[in-house]
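Chemist: Pasting run-v8.pdb here (PDB, C-alpha atoms and all ligand atoms):
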ATOM      1  CA  MET A   1     167.197 151.072 140.383
ATOM      2  CA  PRO A   2     167.690 147.772 138.486
ATOM      3  CA  ASP A   3     167.076 144.384 140.115
ATOM      4  CA  PHE A   4     165.234 145.710 143.179
ATOM      5  CA  PRO A   5     163.498 144.190 145.117
ATOM      6  CA  LYS A   6     164.341 141.156 142.977
ATOM      7  CA  PRO A   7     166.222 140.375 139.754
ATOM      8  CA  GLY A   8     164.522 141.653 136.605
ATOM      9  CA  ILE A   9     162.525 144.446 138.313
ATOM     10  CA  MET A  10     163.386 148.055 137.459
ATOM     11  CA  PHE A  11     162.349 149.835 140.634
ATOM     12  CA  LYS A  12     161.215 153.435 140.187
ATOM     13  CA  ASP A  13     162.530 155.038 143.346
ATOM     14  CA  LEU A  14     160.592 158.023 144.674
ATOM     15  CA  THR A  15     163.000 159.065 147.424
ATOM     16  CA  THR A  16     165.034 161.526 145.364
ATOM     17  CA  LEU A  17     161.849 163.229 144.164
ATOM     18  CA  LEU A  18     160.557 163.519 147.726
ATOM     19  CA  SER A  19     163.788 165.004 149.057
ATOM     20  CA  ASN A  20     163.783 167.712 146.382
ATOM     21  CA  ALA A  21     161.457 170.450 147.665
ATOM     22  CA  GLU A  22     160.737 171.836 144.205
ATOM     23  CA  ALA A  23     160.040 168.438 142.621
ATOM     24  CA  PHE A  24     157.867 167.319 145.527
ATOM     25  CA  ALA A  25     155.832 170.533 145.445
ATOM     26  CA  TYR A  26     155.482 170.264 141.650
ATOM     27  CA  VAL A  27     154.041 166.747 141.849
ATOM     28  CA  ILE A  28     151.642 167.646 144.658
ATOM     29  CA  ASP A  29     150.519 170.815 142.860
ATOM     30  CA  ILE A  30     149.841 168.969 139.591
ATOM     31  CA  LEU A  31     147.864 166.195 141.280
ATOM     32  CA  SER A  32     145.922 168.656 143.461
ATOM     33  CA  GLU A  33     144.958 170.923 140.571
ATOM     34  CA  LYS A  34     143.995 167.905 138.467
ATOM     35  CA  TYR A  35     141.326 166.977 141.021
ATOM     36  CA  ARG A  36     140.285 170.279 142.629
ATOM     37  CA  SER A  37     137.392 170.905 140.235
ATOM     38  CA  LEU A  38     135.909 167.448 140.936
ATOM     39  CA  GLU A  39     135.408 168.584 144.538
ATOM     40  CA  PRO A  40     136.336 165.277 146.151
ATOM     41  CA  ALA A  41     135.512 164.738 149.831
ATOM     42  CA  TYR A  42     138.601 162.586 150.447
ATOM     43  CA  VAL A  43     141.894 161.471 149.027
ATOM     44  CA  ALA A  44     142.677 157.792 149.570
ATOM     45  CA  GLY A  45     146.304 156.656 149.422
ATOM     46  CA  ILE A  46     147.729 153.163 149.093
ATOM     47  CA  GLU A  47     150.369 152.078 151.625
ATOM     48  CA  ALA A  48     153.070 153.176 151.748
ATOM     49  CA  ARG A  49     154.185 155.653 149.081
ATOM     50  CA  GLY A  50     150.593 156.531 148.295
ATOM     51  CA  PHE A  51     150.359 157.833 151.871
ATOM     52  CA  ILE A  52     153.093 160.406 151.348
ATOM     53  CA  LEU A  53     151.648 161.736 148.106
ATOM     54  CA  GLY A  54     147.972 161.301 148.943
ATOM     55  CA  ALA A  55     148.229 162.985 152.337
ATOM     56  CA  ALA A  56     149.981 165.992 150.807
ATOM     57  CA  VAL A  57     147.319 166.266 148.082
ATOM     58  CA  ALA A  58     144.551 166.016 150.698
ATOM     59  CA  TYR A  59     146.177 168.786 152.732
ATOM     60  CA  LYS A  60     146.521 170.970 149.659
ATOM     61  CA  LEU A  61     142.858 170.455 148.765
ATOM     62  CA  GLY A  62     141.756 170.983 152.353
ATOM     63  CA  ILE A  63     140.074 167.561 152.594
ATOM     64  CA  GLY A  64     140.524 164.356 154.588
ATOM     65  CA  PHE A  65     142.817 161.436 153.892
ATOM     66  CA  ILE A  66     141.940 157.728 153.935
ATOM     67  CA  PRO A  67     144.687 155.117 154.306
ATOM     68  CA  ILE A  68     144.370 151.907 152.320
ATOM     69  CA  ARG A  69     146.625 149.488 154.149
ATOM     70  CA  LYS A  70     148.185 146.076 153.799
ATOM     71  CA  LYS A  71     146.495 143.226 155.637
ATOM     72  CA  GLY A  72     146.315 143.384 159.444
ATOM     73  CA  LYS A  73     147.411 146.987 160.002
ATOM     74  CA  LEU A  74     144.128 148.793 160.629
ATOM     75  CA  PRO A  75     142.701 148.605 164.151
ATOM     76  CA  TYR A  76     138.933 148.783 163.540
ATOM     77  CA  LYS A  77     136.602 146.609 161.388
ATOM     78  CA  VAL A  78     137.799 146.401 157.793
ATOM     79  CA  GLU A  79     136.763 145.420 154.316
ATOM     80  CA  ARG A  80     139.428 143.457 152.468
ATOM     81  CA  GLN A  81     140.146 142.985 148.766
ATOM     82  CA  THR A  82     142.520 140.264 147.647
ATOM     83  CA  TYR A  83     144.253 140.394 144.285
ATOM     84  CA  ASP A  84     146.615 138.237 142.255
ATOM     85  CA  LEU A  85     150.337 138.824 142.085
ATOM     86  CA  GLU A  86     152.770 137.097 139.746
ATOM     87  CA  TYR A  87     153.174 134.462 142.443
ATOM     88  CA  GLY A  88     150.402 134.248 145.037
ATOM     89  CA  THR A  89     148.074 136.955 146.251
ATOM     90  CA  ASP A  90     148.096 140.158 148.275
ATOM     91  CA  SER A  91     145.380 142.062 150.121
ATOM     92  CA  VAL A  92     144.457 145.648 150.864
ATOM     93  CA  GLU A  93     142.127 146.799 153.624
ATOM     94  CA  VAL A  94     140.162 149.893 154.583
ATOM     95  CA  HIS A  95     138.015 150.718 157.600
ATOM     96  CA  VAL A  96     134.370 149.861 156.981
ATOM     97  CA  ASP A  97     133.302 153.357 158.061
ATOM     98  CA  ALA A  98     136.043 155.225 156.169
ATOM     99  CA  VAL A  99     133.624 157.286 154.046
ATOM    100  CA  GLU A 100     130.013 158.385 153.978
ATOM    101  CA  ARG A 101     127.963 156.583 151.315
ATOM    102  CA  GLY A 102     128.396 158.344 147.970
ATOM    103  CA  ALA A 103     131.370 160.452 149.084
ATOM    104  CA  LYS A 104     133.642 161.413 146.184
ATOM    105  CA  VAL A 105     137.119 159.960 146.593
ATOM    106  CA  VAL A 106     140.306 160.350 144.570
ATOM    107  CA  LEU A 107     142.719 157.432 144.826
ATOM    108  CA  ILE A 108     146.447 158.204 144.708
ATOM    109  CA  ASP A 109     149.457 155.926 144.422
ATOM    110  CA  ASP A 110     153.013 156.473 143.298
ATOM    111  CA  LEU A 111     153.096 154.027 140.418
ATOM    112  CA  LEU A 112     150.823 151.985 138.162
ATOM    113  CA  ALA A 113     152.423 148.697 137.116
ATOM    114  CA  THR A 114     150.145 145.680 136.514
ATOM    115  CA  GLY A 115     147.167 147.570 137.953
ATOM    116  CA  GLY A 116     146.383 144.896 140.535
ATOM    117  CA  THR A 117     146.894 147.114 143.563
ATOM    118  CA  ALA A 118     144.986 150.118 142.246
ATOM    119  CA  SER A 119     142.054 148.103 140.904
ATOM    120  CA  ALA A 120     141.757 146.248 144.225
ATOM    121  CA  ALA A 121     141.921 149.541 146.142
ATOM    122  CA  CYS A 122     139.276 151.057 143.878
ATOM    123  CA  GLN A 123     136.991 148.057 144.386
ATOM    124  CA  LEU A 124     137.567 148.270 148.122
ATOM    125  CA  LEU A 125     136.579 151.939 148.233
ATOM    126  CA  ARG A 126     133.424 151.153 146.279
ATOM    127  CA  THR A 127     132.599 148.340 148.691
ATOM    128  CA  VAL A 128     132.574 150.814 151.593
ATOM    129  CA  GLY A 129     130.356 153.206 149.614
ATOM    130  CA  ALA A 130     132.780 155.618 147.979
ATOM    131  CA  ASP A 131     132.197 157.213 144.597
ATOM    132  CA  VAL A 132     135.695 156.912 143.118
ATOM    133  CA  VAL A 133     136.109 159.919 140.827
ATOM    134  CA  GLY A 134     139.783 159.699 139.893
ATOM    135  CA  LEU A 135     142.865 157.485 139.949
ATOM    136  CA  GLY A 136     146.107 159.458 140.077
ATOM    137  CA  PHE A 137     149.688 158.242 139.758
ATOM    138  CA  VAL A 138     153.056 159.906 139.429
ATOM    139  CA  THR A 139     154.411 157.144 137.209
ATOM    140  CA  GLU A 140     152.974 154.519 134.907
ATOM    141  CA  LEU A 141     154.819 151.576 133.409
ATOM    142  CA  GLY A 142     153.277 151.796 129.961
ATOM    143  CA  PHE A 143     154.758 148.503 128.792
ATOM    144  CA  LEU A 144     152.556 146.655 131.282
ATOM    145  CA  PRO A 145     148.801 146.214 130.807
ATOM    146  CA  GLY A 146     147.973 148.046 134.060
ATOM    147  CA  ARG A 147     145.399 150.385 132.532
ATOM    148  CA  GLN A 148     143.379 147.502 131.100
ATOM    149  CA  ARG A 149     142.951 146.113 134.601
ATOM    150  CA  LEU A 150     141.576 149.362 136.015
ATOM    151  CA  PRO A 151     137.853 150.152 136.072
ATOM    152  CA  LYS A 152     136.802 151.685 132.763
ATOM    153  CA  ASP A 153     134.400 154.202 134.280
ATOM    154  CA  VAL A 154     137.044 156.250 136.161
ATOM    155  CA  GLU A 155     139.791 158.300 134.537
ATOM    156  CA  ALA A 156     143.314 157.124 135.325
ATOM    157  CA  PHE A 157     145.888 159.938 135.198
ATOM    158  CA  SER A 158     149.630 159.553 135.395
ATOM    159  CA  MET A 159     152.182 162.337 135.231
ATOM    160  CA  LEU A 160     154.921 160.293 133.591
ATOM    161  CA  THR A 161     154.818 157.126 131.484
ATOM    162  CA  PHE A 162     157.821 154.865 130.931
TER
HETATM  163  P1  LIG A 201     150.785 146.902 140.530
HETATM  164  O1  LIG A 201     149.769 146.337 141.485
HETATM  165  O2  LIG A 201     151.511 145.831 139.779
HETATM  166  O3  LIG A 201     150.195 147.958 139.626
HETATM  167  O4  LIG A 201     151.925 147.576 141.400
HETATM  168  C1  LIG A 201     151.744 148.840 141.922
HETATM  169  C2  LIG A 201     152.247 148.952 143.332
HETATM  170  O5  LIG A 201     153.500 148.303 143.507
HETATM  171  C3  LIG A 201     152.475 150.388 143.708
HETATM  172  O6  LIG A 201     152.031 150.581 145.051
HETATM  173  C4  LIG A 201     153.969 150.615 143.555
HETATM  174  O7  LIG A 201     154.474 151.375 144.628
HETATM  175  C5  LIG A 201     154.565 149.229 143.569
HETATM  176  N1  LIG A 201     155.424 148.962 142.398
HETATM  177  C6  LIG A 201     155.202 148.021 141.453
HETATM  178  N2  LIG A 201     156.184 148.004 140.532
HETATM  179  C7  LIG A 201     157.047 148.974 140.890
HETATM  180  C8  LIG A 201     158.256 149.490 140.315
HETATM  181  N3  LIG A 201     158.796 148.995 139.190
HETATM  182  N4  LIG A 201     158.876 150.517 140.953
HETATM  183  C9  LIG A 201     158.344 151.048 142.080
HETATM  184  N5  LIG A 201     157.222 150.597 142.655
HETATM  185  C10 LIG A 201     156.556 149.591 142.081
END
Written as structure tokens, how would this file's structure read?

Modeler:
Amino acid sequence: MPDFPKPGIMFKDLTTLLSNAEAFAYVIDILSEKYRSLEPAYVAGIEARGFILGAAVAYKLGIGFIPIRKKGKLPYKVERQTYDLEYGTDSVEVHVDAVERGAKVVLIDDLLATGGTASAACQLLRTVGADVVGLGFVTELGFLPGRQRLPKDVEAFSMLTF
């Protein structure tokens, strides 16, 4: 979808994938099988589209789900990570007691663009004691330097690169 949410942005809309049972199942199956052998304890998903995908992957793997939310949404004590946007900053939060120390966590989001959101979420999970073992995306915008911004010691996997 061109020029959404603002002029010059080509928005990669996930809604048609989600409404197609076969496509949705395919994406969840690929992401689940990618991470099954790592035996993660949790899947973490980034609000909001990362919730839809991450929760389905967690269910498929038979493990718990951790929401990484925008500022001010979580009810209990949180850790916060702030990151730079093109103009200004944004923040992500997670409950301080979201994981046991050393628990293996796979982080899922729909799309990797500049990498700011995913690298902040990864840092946040590490702050609360997680061992982040994988970063999984459906889509990656390969013309942006998102990968360079991600931690080098965790594999980033995307199903589709534009
Ligand atoms: P970034 O922090 O720049 O890597 O942006 C990634 C986050 O913003 C993800 O949670 C995406 O859902 C969203 N996002 C950024 N750019 C796009 C885009 N072109 N189409 C759809 N979602 C996007």

Chemist: What's around Thr82 of chain A at 8 Å? Count only C-alpha atoms, leave out sequence neighbours fewer than 6 positions away in its own chain, and write the answer as a list in words.

Modeler: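 Residues meeting the cut-off are Thr89, Asp90, Ser91, Val92 and Ala120 of chain A.
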
Chemist: Output the selection as a short mmCIF file (atom, residue, chain, number, x, y, z; two decimals), keeping the file's coordinate frame - C-alpha atoms for each residue.

Modeler:
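The resulting selection.cif:
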data_model
loop_
_atom_site.label_atom_id
_atom_site.label_comp_id
_atom_site.auth_asym_id
_atom_site.auth_seq_id
_atom_site.Cartn_x
_atom_site.Cartn_y
_atom_site.Cartn_z
CA THR A 89 148.07 136.96 146.25
CA ASP A 90 148.10 140.16 148.28
CA SER A 91 145.38 142.06 150.12
CA VAL A 92 144.46 145.65 150.86
CA ALA A 120 141.76 146.25 144.22
#

Chemist: Got a sec to check which residues lie within 8 Å of ligand LIG 201 (chain A), using only C-alpha atoms and all ligand atoms, and send them as a count of residues only?

Modeler: 25

Chemist: To test your reading of the syntax: which residues would the PyMOL selection byres (((chain A and resi 66) around 7) and not hetatm) return for the file shown? Reply as a list in words.

Modeler: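 Evaluating the PyMOL selection byres (((chain A and resi 66) around 7) and not hetatm) on this file yields Tyr42, Val43, Ala44, Gly45, Gly64, Phe65, Pro67, Ile68 and Ala98 of chain A.
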
Chemist: Suppose a student applies the PyMOL selection byres (((chain A and resi 132) around 6) and not hetatm) to this structure; what residues should they get, written as a VMD selection string?

Modeler: chain A and resid 104 to 106 130 to 131 133 to 134

Chemist: Based on the selection just made, write C-alpha atoms of those residues as a PDB file, keeping the file's coordinate frame.

Modeler:
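Result file is selection.pdb:
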ATOM      1  CA  LYS A 104     133.642 161.413 146.184  1.00  0.00           C
ATOM      2  CA  VAL A 105     137.119 159.960 146.593  1.00  0.00           C
ATOM      3  CA  VAL A 106     140.306 160.350 144.570  1.00  0.00           C
ATOM      4  CA  ALA A 130     132.780 155.618 147.979  1.00  0.00           C
ATOM      5  CA  ASP A 131     132.197 157.213 144.597  1.00  0.00           C
ATOM      6  CA  VAL A 133     136.109 159.919 140.827  1.00  0.00           C
ATOM      7  CA  GLY A 134     139.783 159.699 139.893  1.00  0.00           C
TER       8      GLY A 134
END

Chemist: Here is a test: counting all atoms listed in the file, which residue of A:Ile108, A:Leu74, A:Val128, A:Gly8 is nearest to Ala156 of chain A?

Modeler: A:Ile108

Chemist: Step by step, work through what the PyMOL selection byres (((chain A and resi 157) around 8) and not hetatm) selects in the shown file, and finish by giving those residues as a ChimeraX atom specification.

Modeler: /A:134-137,155-156,158-159

Chemist: Quick check, in Å to one decimal: how far apart do atom CA of Ala58 of chain A and atom CA of Ala25 of chain A lie?

Modeler: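 Interatomic distance, atom CA of Ala58 of chain A to atom CA of Ala25 of chain A: 13.2 Å.
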